[in-house]
file upload.csv (CSV, C-alpha atoms)
chain,number,residue,atom,x,y,z
A,1,MET,CA,14.4,32.6,-31.2
A,2,ALA,CA,15.0,35.7,-33.4
A,3,PHE,CA,15.7,39.3,-32.9
A,4,LYS,CA,15.6,42.5,-35.0
A,5,PHE,CA,17.0,46.0,-34.4
A,6,ARG,CA,15.2,49.2,-35.1
A,7,ARG,CA,16.5,52.7,-34.6
A,8,GLU,CA,13.7,55.0,-33.2
A,9,GLY,CA,15.2,58.4,-32.9
A,10,SER,CA,18.1,58.1,-30.5
A,11,ASP,CA,16.6,54.9,-29.1
A,12,LEU,CA,17.7,51.5,-30.1
A,13,ALA,CA,14.7,49.1,-30.0
A,14,ILE,CA,15.3,45.4,-30.1
A,15,TYR,CA,12.4,43.1,-30.7
A,16,ILE,CA,13.1,39.5,-29.5
A,17,SER,CA,10.9,36.5,-30.0
A,18,GLY,CA,10.6,32.9,-29.1
A,19,VAL,CA,12.1,30.8,-26.2
A,20,LEU,CA,15.4,32.0,-24.7
A,21,THR,CA,17.5,29.3,-23.1
A,22,PHE,CA,21.1,28.3,-22.9
A,23,HIS,CA,20.6,26.5,-26.1
A,24,GLN,CA,20.7,29.9,-27.9
A,25,HIS,CA,24.0,30.9,-26.2
A,26,LYS,CA,25.6,31.9,-29.5
A,27,GLU,CA,22.7,34.2,-30.3
A,28,GLY,CA,23.1,35.7,-26.8
A,29,GLU,CA,26.8,36.5,-27.5
A,30,GLN,CA,25.9,38.0,-30.8
A,31,LEU,CA,23.2,40.2,-29.3
A,32,VAL,CA,25.6,41.5,-26.6
A,33,TYR,CA,28.2,42.2,-29.3
A,34,GLN,CA,25.8,44.0,-31.6
A,35,ILE,CA,24.2,46.2,-28.9
A,36,THR,CA,27.7,47.0,-27.4
A,37,THR,CA,28.9,48.1,-30.9
A,38,LEU,CA,25.9,50.4,-31.4
A,39,VAL,CA,26.0,51.9,-27.9
A,40,ASP,CA,29.8,52.4,-28.2
A,41,SER,CA,29.2,54.6,-31.3
A,42,GLY,CA,27.6,57.2,-28.9
A,43,GLU,CA,24.5,57.7,-31.0
A,44,VAL,CA,22.2,55.7,-28.8
A,45,THR,CA,20.8,57.2,-25.6
A,46,ALA,CA,18.3,54.4,-24.7
A,47,VAL,CA,18.2,50.7,-25.4
A,48,ARG,CA,14.7,49.2,-25.3
A,49,MET,CA,14.3,45.5,-25.4
A,50,ASN,CA,10.8,44.4,-26.4
A,51,PHE,CA,9.8,41.1,-24.9
A,52,ALA,CA,6.2,41.0,-26.1
A,53,GLU,CA,7.0,38.0,-28.3
A,54,VAL,CA,9.2,36.1,-25.8
A,55,LEU,CA,7.5,33.0,-24.5
A,56,ARG,CA,9.9,31.8,-21.9
A,57,MET,CA,13.4,32.6,-20.6
A,58,ASP,CA,16.0,30.9,-18.4
A,59,SER,CA,18.9,32.2,-16.2
A,60,HIS,CA,21.4,32.1,-19.0
A,61,TRP,CA,19.5,34.9,-20.7
A,62,LEU,CA,19.1,36.8,-17.4
A,63,GLY,CA,22.9,36.8,-17.5
A,64,VAL,CA,22.8,38.1,-21.1
A,65,LEU,CA,20.5,40.9,-20.1
A,66,ILE,CA,22.7,41.8,-17.1
A,67,ARG,CA,25.7,42.0,-19.4
A,68,ILE,CA,23.9,44.3,-21.8
A,69,LEU,CA,22.6,46.4,-19.0
A,70,ARG,CA,26.2,46.9,-17.7
A,71,ARG,CA,27.5,47.9,-21.1
A,72,VAL,CA,24.6,50.3,-21.6
A,73,LYS,CA,25.0,51.9,-18.2
A,74,GLU,CA,28.8,52.3,-18.7
A,75,LYS,CA,27.9,54.6,-21.6
A,76,ASN,CA,25.3,56.5,-19.5
A,77,ALA,CA,22.5,55.3,-21.7
A,78,THR,CA,19.1,54.0,-20.4
A,79,PHE,CA,18.1,50.4,-20.5
A,80,ILE,CA,14.4,49.4,-20.6
A,81,ILE,CA,12.7,46.1,-20.8
A,82,GLU,CA,9.2,46.3,-22.4
A,83,LYS,CA,6.2,44.0,-22.2
A,84,PRO,CA,7.5,40.9,-20.6
A,85,ASN,CA,4.8,38.2,-20.1
A,86,LYS,CA,3.7,37.1,-16.6
A,87,ASP,CA,6.1,34.1,-16.5
A,88,ILE,CA,9.0,36.3,-17.4
A,89,CYS,CA,7.9,38.9,-14.9
A,90,LYS,CA,7.9,36.2,-12.2
A,91,LEU,CA,11.5,35.4,-13.1
A,92,PHE,CA,12.5,39.1,-13.0
A,93,ASP,CA,10.8,39.3,-9.6
A,94,ILE,CA,12.8,36.4,-8.3
A,95,VAL,CA,16.1,38.1,-9.1
A,96,GLU,CA,14.8,41.5,-8.3
A,97,LEU,CA,15.8,42.8,-11.7
A,98,SER,CA,13.6,45.9,-11.3
A,99,ARG,CA,16.2,47.2,-8.8
A,100,ILE,CA,18.7,47.6,-11.6
A,101,ALA,CA,16.6,47.9,-14.8
A,102,GLU,CA,13.5,49.7,-15.8
A,103,ILE,CA,10.7,47.2,-16.7
A,104,ARG,CA,7.6,48.5,-18.5
A,105,PRO,CA,4.5,46.3,-18.7
B,1,MET,CA,7.7,3.7,-18.9
B,2,ILE,CA,10.7,6.0,-19.7
B,3,GLN,CA,10.3,8.5,-22.5
B,4,LYS,CA,13.7,8.3,-24.4
B,5,PHE,CA,15.3,11.1,-26.4
B,6,GLY,CA,18.3,10.4,-28.7
B,7,LEU,CA,20.5,7.4,-29.1
B,8,LEU,CA,21.3,6.0,-25.8
B,9,LYS,CA,23.9,3.4,-25.1
B,10,TYR,CA,22.8,0.1,-23.5
B,11,GLU,CA,24.7,0.7,-20.3
B,12,GLN,CA,23.3,4.2,-20.0
B,13,THR,CA,19.7,2.9,-20.4
B,14,GLN,CA,20.3,0.1,-17.9
B,15,ALA,CA,21.8,2.4,-15.3
B,16,ALA,CA,19.1,5.0,-15.7
B,17,GLU,CA,16.3,2.5,-15.6
B,18,LYS,CA,17.7,1.2,-12.3
B,19,ALA,CA,18.0,4.7,-10.9
B,20,LEU,CA,14.7,6.1,-12.2
B,21,PHE,CA,12.3,3.2,-12.0
B,22,HIS,CA,9.8,3.5,-9.2
B,23,SER,CA,6.2,2.2,-9.2
B,24,GLY,CA,5.0,5.6,-8.1
B,25,ASN,CA,6.6,7.5,-11.0
B,26,LEU,CA,4.4,10.2,-12.5
B,27,TYR,CA,6.8,10.7,-15.4
B,28,ALA,CA,10.3,9.6,-16.4
B,29,ALA,CA,12.6,10.6,-19.3
B,30,LEU,CA,16.1,9.8,-20.5
B,31,MET,CA,18.1,12.0,-22.8
B,32,ASP,CA,21.4,11.6,-24.6
B,33,ARG,CA,23.8,14.6,-25.0
B,34,GLN,CA,22.5,15.6,-28.4
B,35,ALA,CA,18.9,15.7,-27.1
B,36,LEU,CA,20.1,17.8,-24.2
B,37,TRP,CA,21.4,20.4,-26.7
B,38,ASP,CA,18.1,20.3,-28.6
B,39,PRO,CA,15.7,23.0,-27.3
B,40,SER,CA,12.7,21.0,-28.5
B,41,THR,CA,13.4,18.3,-25.9
B,42,ILE,CA,12.3,20.5,-23.0
B,43,GLU,CA,9.1,21.5,-25.0
B,44,LYS,CA,8.3,17.8,-25.6
B,45,ILE,CA,8.7,17.0,-21.9
B,46,LEU,CA,6.5,19.9,-21.0
B,47,ALA,CA,3.8,18.6,-23.4
B,48,THR,CA,3.9,15.1,-22.0
B,49,PHE,CA,4.4,15.8,-18.3
B,50,PRO,CA,1.1,15.1,-16.4
B,51,LYS,CA,-0.8,18.3,-15.7
B,52,GLY,CA,-1.9,19.6,-12.3
B,53,HIS,CA,1.2,18.8,-10.2
B,54,ILE,CA,3.4,21.9,-10.9
B,55,ASP,CA,3.1,25.2,-12.9
B,56,GLU,CA,4.3,24.7,-16.4
B,57,SER,CA,6.5,27.9,-16.2
B,58,GLU,CA,8.2,26.5,-13.0
B,59,LEU,CA,8.7,23.1,-14.6
B,60,PHE,CA,10.2,24.8,-17.6
B,61,LEU,CA,12.7,26.8,-15.5
B,62,ILE,CA,13.6,23.6,-13.5
B,63,LEU,CA,14.2,21.6,-16.7
B,64,ALA,CA,16.2,24.4,-18.4
B,65,GLU,CA,18.4,25.1,-15.3
B,66,CYS,CA,19.1,21.5,-14.5
B,67,THR,CA,19.8,20.6,-18.2
B,68,ALA,CA,22.1,23.6,-18.5
B,69,ASN,CA,24.0,22.5,-15.3
B,70,ALA,CA,24.3,19.0,-16.7
B,71,VAL,CA,25.6,19.9,-20.2
B,72,LEU,CA,27.5,23.1,-19.6
B,73,HIS,CA,29.1,22.4,-16.2
B,74,GLY,CA,28.7,18.7,-15.7
B,75,GLN,CA,29.8,17.3,-19.1
B,76,ALA,CA,26.8,14.9,-19.0
B,77,GLU,CA,26.6,12.2,-21.6
B,78,ALA,CA,23.1,11.3,-20.6
B,79,LEU,CA,20.5,12.7,-18.2
B,80,GLY,CA,17.6,11.0,-16.7
B,81,PHE,CA,14.6,12.8,-15.2
B,82,HIS,CA,11.8,11.5,-13.2
B,83,ALA,CA,8.9,12.8,-11.0
B,84,ARG,CA,7.0,11.2,-8.3
B,85,LYS,CA,5.1,12.1,-5.1
B,86,ARG,CA,7.0,11.6,-1.9
B,87,SER,CA,6.1,12.6,1.7
B,88,GLY,CA,3.5,15.0,0.4
B,89,LEU,CA,5.9,16.7,-2.0
B,90,LEU,CA,6.6,16.4,-5.7
B,91,LEU,CA,10.1,15.0,-6.1
B,92,LEU,CA,11.9,15.9,-9.3
B,93,SER,CA,15.1,13.9,-9.7
B,94,PHE,CA,17.8,14.3,-12.3
B,95,PHE,CA,20.1,11.3,-12.7
B,96,GLN,CA,23.4,12.2,-14.5
B,97,ILE,CA,25.9,10.0,-16.3
B,98,PRO,CA,28.7,10.4,-15.5
B,99,PRO,CA,28.1,11.7,-12.0
B,100,MET,CA,28.1,15.4,-11.3
B,101,MET,CA,31.4,17.1,-10.3
B,102,HIS,CA,31.8,17.5,-6.5
B,103,ARG,CA,32.1,21.3,-7.0
B,104,ILE,CA,28.3,21.3,-7.5
B,105,ALA,CA,27.8,20.9,-3.7
B,106,GLN,CA,29.9,24.0,-3.1
B,107,ILE,CA,28.0,26.0,-5.7
B,108,LEU,CA,24.7,24.9,-4.2
B,109,SER,CA,25.9,25.8,-0.7
B,110,LEU,CA,27.0,29.2,-1.9
B,111,ALA,CA,23.6,29.8,-3.5
B,112,ARG,CA,21.9,28.7,-0.2
B,113,SER,CA,23.9,31.0,1.9
B,114,GLY,CA,24.2,34.1,-0.2
B,115,ASN,CA,21.4,36.4,-1.3
B,116,ILE,CA,20.4,36.6,-4.9
B,117,ARG,CA,21.8,40.1,-5.4
B,118,GLU,CA,25.3,39.0,-4.5
B,119,CYS,CA,24.9,36.1,-7.0
B,120,THR,CA,23.7,38.6,-9.7
B,121,GLU,CA,26.7,40.7,-9.2
B,122,SER,CA,29.5,38.2,-8.9
B,123,LEU,CA,27.8,35.2,-10.6
B,124,PRO,CA,29.4,32.4,-8.5
B,125,GLY,CA,28.0,29.4,-10.4
B,126,GLY,CA,25.5,31.6,-12.2
B,127,LEU,CA,21.9,32.4,-11.3
B,128,GLY,CA,20.6,28.9,-11.8
B,129,PHE,CA,20.6,27.6,-8.2
B,130,PRO,CA,19.5,30.9,-6.6
B,131,ILE,CA,16.5,30.8,-8.9
B,132,LEU,CA,15.8,27.1,-8.2
B,133,LEU,CA,16.1,27.7,-4.5
B,134,ARG,CA,13.3,30.3,-4.7
B,135,LEU,CA,11.1,28.0,-6.7
B,136,VAL,CA,11.4,24.7,-4.7
B,137,HIS,CA,11.1,23.6,-1.1
B,138,ARG,CA,14.5,21.9,-1.0
B,139,ILE,CA,17.4,20.8,-3.2
B,140,THR,CA,19.5,17.8,-2.3
B,141,ILE,CA,22.4,15.9,-4.0
B,142,SER,CA,22.8,12.1,-3.5
B,143,THR,CA,26.0,11.0,-1.7
B,144,ASP,CA,27.3,9.4,-4.9
B,145,TYR,CA,26.7,12.7,-6.9
B,146,THR,CA,24.5,10.9,-9.5
B,147,LYS,CA,21.2,12.6,-8.5
B,148,LEU,CA,20.1,16.2,-8.1
B,149,GLN,CA,16.8,16.1,-6.3
B,150,LEU,CA,14.3,19.0,-6.2
B,151,TRP,CA,11.5,18.8,-3.7
B,152,VAL,CA,8.5,20.9,-4.7
B,153,ARG,CA,5.4,21.7,-2.7
B,154,SER,CA,2.6,20.2,-4.7
B,155,LYS,CA,-0.2,22.3,-6.2
call {"tool": "encode", "arguments": {"input": "upload.csv", "output": "structure tokens"}}
result
Amino acid sequence: MAFKFRREGSDLAIYISGVLTFHQHKEGEQLVYQITTLVDSGEVTAVRMNFAEVLRMDSHWLGVLIRILRRVKEKNATFIIEKPNKDICKLFDIVELSRIAEIRP
Amino acid sequence: MIQKFGLLKYEQTQAAEKALFHSGNLYAALMDRQALWDPSTIEKILATFPKGHIDESELFLILAECTANAVLHGQAEALGFHARKRSGLLLLSFFQIPPMMHRIAQILSLARSGNIRECTESLPGGLGFPILLRLVHRITISTDYTKLQLWVRSK
């Protein structure tokens, strides 16, 4: 897996790729830390996570997303998940993630 | 025929072969701890598993969740996995060495009784079982805590 950050105005866009499982738990911790640091600076009003290149994901990474979502909302910023594939949408549907996060096809 | 991943001890192989062997097996695999921590192991199983019995995305989730349970919460040194048809259902069975901790029954029970939103918020045992319970017909644990069995409605 890999991720890269891009500032797009006051938005923070994160482009993730690959397969996201518990095997990449260290990368998950790193991602939470990096996003938290940037959001805490107060310059970011929206965090957009682009899933177009994510192939699969497990519940460990759902936990990572929920942790990021909480940190972002604590700072009154917006959290958006963009372009998840149909398998990942199915996982989001199971846990009803759309009730707490904005998901854009 | 069991597909083996990693360097397995003789006793582990013997125990797993005894537990996993069945003439009706569609697939069987055995992994050592290092292989459980290797993300390519799941991809290799997905590539080899006979097609047409279960959606690949569902099999991926089942393998990822059960492997995570075994290595993160169960301190598994080896994990066997086999699939066969039983009573019109697809039985996916995970055999763990050493056996699972008894706490797993409580976590499964909690996941069965609670709704997924509660699990999302307080994370008792994580989201793994709540997700698995939505994907499969039934989940059972053998009385000796060596096997976690998932019963899936066949495609």
call {"tool": "closest_atom_pairs", "arguments": {"input": "upload.csv", "of": "chain B", "to": "chain A", "cutoff": "8 Å", "atoms": "only C-alpha atoms", "output": "Markdown table"}}
result
| residue | atom | partner | partner_atom | distance |
| --- | --- | --- | --- | --- |
| B:Trp37 | CA | A:His23 | CA | 6.2 |
| B:Asp38 | CA | A:His23 | CA | 7.1 |
| B:Pro39 | CA | A:His23 | CA | 6.1 |
| B:Ser57 | CA | A:Asp87 | CA | 6.2 |
| B:Leu61 | CA | A:Asp58 | CA | 6.0 |
| B:Ala64 | CA | A:Asp58 | CA | 6.5 |
| B:Glu65 | CA | A:Asp58 | CA | 7.0 |
| B:Ala68 | CA | A:Phe22 | CA | 6.5 |
| B:Ile116 | CA | A:Val95 | CA | 6.2 |
| B:Arg117 | CA | A:Val95 | CA | 7.1 |
| B:Thr120 | CA | A:Val95 | CA | 7.6 |
| B:Gly126 | CA | A:Ser59 | CA | 7.7 |
| B:Leu127 | CA | A:Ser59 | CA | 5.7 |
| B:Gly128 | CA | A:Ser59 | CA | 5.8 |
| B:Ile131 | CA | A:Ile94 | CA | 6.7 |
| B:Arg134 | CA | A:Ile94 | CA | 7.1 |
call {"tool": "atom_distance", "arguments": {"input": "upload.csv", "atom1": "CA of Glu29 (chain A)", "atom2": "CA of Ile80 (chain A)"}}
result
19.2 Å
call {"tool": "closest_residue", "arguments": {"input": "upload.csv", "among": "A:Tyr15, A:Phe51, A:Phe5, A:Trp61", "to": "Gln34 (chain A)", "atoms": "only C-alpha atoms"}}
result
A:Phe5
call {"tool": "closest_atom_pairs", "arguments": {"input": "upload.csv", "of": "region 18-132 of chain B", "to": "region 138-153 of chain B", "cutoff": "8 Å", "atoms": "all atoms listed in the file", "output": "tab-separated table"}}
result
residue	atom	partner	partner_atom	distance
B:Gly88	CA	B:Arg153	CA	7.6
B:Leu89	CA	B:Arg153	CA	5.1
B:Leu90	CA	B:Val152	CA	5.0
B:Leu91	CA	B:Trp151	CA	4.7
B:Leu92	CA	B:Leu150	CA	5.0
B:Ser93	CA	B:Gln149	CA	4.4
B:Phe94	CA	B:Leu148	CA	5.2
B:Phe95	CA	B:Lys147	CA	4.5
B:Gln96	CA	B:Thr146	CA	5.3
B:Ile97	CA	B:Thr146	CA	7.0
B:Pro98	CA	B:Thr146	CA	7.3
B:Pro99	CA	B:Thr146	CA	4.5
B:Met100	CA	B:Tyr145	CA	5.3
B:Met101	CA	B:Tyr145	CA	7.3
B:His102	CA	B:Tyr145	CA	7.0
B:Ala105	CA	B:Ile141	CA	7.4
call {"tool": "residues_around", "arguments": {"input": "upload.csv", "residues": "Ile68 (chain A)", "least_positions_apart": "2", "cutoff": "9 Å", "atoms": "all atoms listed in the file", "output": "count of residues only"}}
result
14
call {"tool": "atom_distance", "arguments": {"input": "upload.csv", "atom1": "CA of Ser41 (chain A)", "atom2": "CA of Val54 (chain A)"}}
result
27.8 Å
call {"tool": "atom_distance", "arguments": {"input": "upload.csv", "atom1": "CA of Gln30 (chain A)", "atom2": "CA of Val44 (chain A)"}}
result
18.2 Å
call {"tool": "closest_residue", "arguments": {"input": "upload.csv", "among": "A:Glu27, A:Thr78, A:Thr37, A:Leu69", "to": "Ser10 (chain A)", "atoms": "all atoms listed in the file"}}
result
A:Thr78
call {"tool": "decode", "arguments": {"input": "upload.csv", "residues": "region 64-152 of chain B", "atoms": "C-alpha atoms", "output": "PDB file, in the first residue's frame"}}
result
ATOM      1  CA  ALA B  64      -8.340 -11.137   6.471  1.00  0.00           C
ATOM      2  CA  GLU B  65     -10.592 -11.015   9.550  1.00  0.00           C
ATOM      3  CA  CYS B  66      -9.875 -14.573  10.685  1.00  0.00           C
ATOM      4  CA  THR B  67      -6.131 -14.212  10.101  1.00  0.00           C
ATOM      5  CA  ALA B  68      -6.133 -10.947  12.054  1.00  0.00           C
ATOM      6  CA  ASN B  69      -8.025 -12.603  14.916  1.00  0.00           C
ATOM      7  CA  ALA B  70      -5.520 -15.445  14.985  1.00  0.00           C
ATOM      8  CA  VAL B  71      -2.326 -13.380  14.931  1.00  0.00           C
ATOM      9  CA  LEU B  72      -3.351 -10.202  16.712  1.00  0.00           C
ATOM     10  CA  HIS B  73      -5.624 -11.605  19.408  1.00  0.00           C
ATOM     11  CA  GLY B  74      -4.952 -15.333  19.429  1.00  0.00           C
ATOM     12  CA  GLN B  75      -1.148 -15.527  19.351  1.00  0.00           C
ATOM     13  CA  ALA B  76      -1.444 -18.254  16.706  1.00  0.00           C
ATOM     14  CA  GLU B  77       1.770 -20.031  15.782  1.00  0.00           C
ATOM     15  CA  ALA B  78       0.057 -21.796  12.911  1.00  0.00           C
ATOM     16  CA  LEU B  79      -3.332 -21.541  11.249  1.00  0.00           C
ATOM     17  CA  GLY B  80      -5.053 -24.081   9.058  1.00  0.00           C
ATOM     18  CA  PHE B  81      -7.894 -23.252   6.716  1.00  0.00           C
ATOM     19  CA  HIS B  82     -10.141 -25.555   4.795  1.00  0.00           C
ATOM     20  CA  ALA B  83     -13.332 -25.360   2.794  1.00  0.00           C
ATOM     21  CA  ARG B  84     -15.908 -28.002   2.012  1.00  0.00           C
ATOM     22  CA  LYS B  85     -19.596 -28.332   1.256  1.00  0.00           C
ATOM     23  CA  ARG B  86     -21.700 -29.505   4.176  1.00  0.00           C
ATOM     24  CA  SER B  87     -25.494 -29.659   4.513  1.00  0.00           C
ATOM     25  CA  GLY B  88     -25.933 -27.456   1.476  1.00  0.00           C
ATOM     26  CA  LEU B  89     -23.646 -24.779   2.919  1.00  0.00           C
ATOM     27  CA  LEU B  90     -20.025 -23.903   2.293  1.00  0.00           C
ATOM     28  CA  LEU B  91     -18.091 -24.560   5.505  1.00  0.00           C
ATOM     29  CA  LEU B  92     -14.951 -22.478   5.963  1.00  0.00           C
ATOM     30  CA  SER B  93     -13.013 -23.737   8.951  1.00  0.00           C
ATOM     31  CA  PHE B  94      -9.966 -22.189  10.637  1.00  0.00           C
ATOM     32  CA  PHE B  95      -7.872 -24.490  12.815  1.00  0.00           C
ATOM     33  CA  GLN B  96      -5.596 -22.684  15.244  1.00  0.00           C
ATOM     34  CA  ILE B  97      -2.432 -23.839  17.022  1.00  0.00           C
ATOM     35  CA  PRO B  98      -2.440 -23.190  19.974  1.00  0.00           C
ATOM     36  CA  PRO B  99      -6.224 -23.082  20.510  1.00  0.00           C
ATOM     37  CA  MET B 100      -8.063 -19.762  20.606  1.00  0.00           C
ATOM     38  CA  MET B 101      -8.497 -17.990  23.916  1.00  0.00           C
ATOM     39  CA  HIS B 102     -11.856 -18.591  25.583  1.00  0.00           C
ATOM     40  CA  ARG B 103     -12.522 -14.848  25.460  1.00  0.00           C
ATOM     41  CA  ILE B 104     -13.313 -15.257  21.765  1.00  0.00           C
ATOM     42  CA  ALA B 105     -16.671 -16.853  22.627  1.00  0.00           C
ATOM     43  CA  GLN B 106     -17.609 -13.756  24.646  1.00  0.00           C
ATOM     44  CA  ILE B 107     -16.540 -11.429  21.835  1.00  0.00           C
ATOM     45  CA  LEU B 108     -18.551 -13.430  19.308  1.00  0.00           C
ATOM     46  CA  SER B 109     -21.547 -13.433  21.620  1.00  0.00           C
ATOM     47  CA  LEU B 110     -21.263  -9.665  22.061  1.00  0.00           C
ATOM     48  CA  ALA B 111     -21.064  -9.182  18.296  1.00  0.00           C
ATOM     49  CA  ARG B 112     -24.152 -11.401  17.862  1.00  0.00           C
ATOM     50  CA  SER B 113     -26.226  -9.540  20.383  1.00  0.00           C
ATOM     51  CA  GLY B 114     -25.203  -5.961  19.721  1.00  0.00           C
ATOM     52  CA  ASN B 115     -25.855  -3.945  16.651  1.00  0.00           C
ATOM     53  CA  ILE B 116     -23.017  -2.843  14.446  1.00  0.00           C
ATOM     54  CA  ARG B 117     -23.318   0.816  15.395  1.00  0.00           C
ATOM     55  CA  GLU B 118     -22.608   0.032  19.027  1.00  0.00           C
ATOM     56  CA  CYS B 119     -19.619  -1.988  17.923  1.00  0.00           C
ATOM     57  CA  THR B 120     -18.396   0.877  15.757  1.00  0.00           C
ATOM     58  CA  GLU B 121     -18.521   3.271  18.647  1.00  0.00           C
ATOM     59  CA  SER B 122     -17.106   1.233  21.483  1.00  0.00           C
ATOM     60  CA  LEU B 123     -15.151  -1.347  19.481  1.00  0.00           C
ATOM     61  CA  PRO B 124     -15.623  -4.347  21.803  1.00  0.00           C
ATOM     62  CA  GLY B 125     -13.425  -6.836  20.026  1.00  0.00           C
ATOM     63  CA  GLY B 126     -13.349  -4.670  16.934  1.00  0.00           C
ATOM     64  CA  LEU B 127     -15.488  -4.748  13.821  1.00  0.00           C
ATOM     65  CA  GLY B 128     -14.277  -8.137  12.607  1.00  0.00           C
ATOM     66  CA  PHE B 129     -17.053 -10.366  13.976  1.00  0.00           C
ATOM     67  CA  PRO B 130     -19.873  -7.906  13.307  1.00  0.00           C
ATOM     68  CA  ILE B 131     -18.776  -7.813   9.657  1.00  0.00           C
ATOM     69  CA  LEU B 132     -18.368 -11.582   9.434  1.00  0.00           C
ATOM     70  CA  LEU B 133     -21.810 -12.094  10.959  1.00  0.00           C
ATOM     71  CA  ARG B 134     -23.302  -9.976   8.165  1.00  0.00           C
ATOM     72  CA  LEU B 135     -21.469 -11.980   5.512  1.00  0.00           C
ATOM     73  CA  VAL B 136     -22.091 -15.552   6.617  1.00  0.00           C
ATOM     74  CA  HIS B 137     -25.056 -17.662   7.676  1.00  0.00           C
ATOM     75  CA  ARG B 138     -23.587 -18.808  10.989  1.00  0.00           C
ATOM     76  CA  ILE B 139     -20.337 -18.771  12.997  1.00  0.00           C
ATOM     77  CA  THR B 140     -19.475 -21.544  15.429  1.00  0.00           C
ATOM     78  CA  ILE B 141     -16.516 -22.363  17.667  1.00  0.00           C
ATOM     79  CA  SER B 142     -15.546 -25.974  18.415  1.00  0.00           C
ATOM     80  CA  THR B 143     -15.807 -27.017  22.066  1.00  0.00           C
ATOM     81  CA  ASP B 144     -12.007 -27.383  22.320  1.00  0.00           C
ATOM     82  CA  TYR B 145     -11.531 -23.858  20.881  1.00  0.00           C
ATOM     83  CA  THR B 146      -9.296 -25.101  18.073  1.00  0.00           C
ATOM     84  CA  LYS B 147     -11.728 -24.355  15.222  1.00  0.00           C
ATOM     85  CA  LEU B 148     -13.594 -21.281  14.143  1.00  0.00           C
ATOM     86  CA  GLN B 149     -16.197 -22.339  11.599  1.00  0.00           C
ATOM     87  CA  LEU B 150     -18.041 -20.082   9.211  1.00  0.00           C
ATOM     88  CA  TRP B 151     -21.070 -21.431   7.397  1.00  0.00           C
ATOM     89  CA  VAL B 152     -21.751 -19.653   4.136  1.00  0.00           C
TER      90      VAL B 152
END
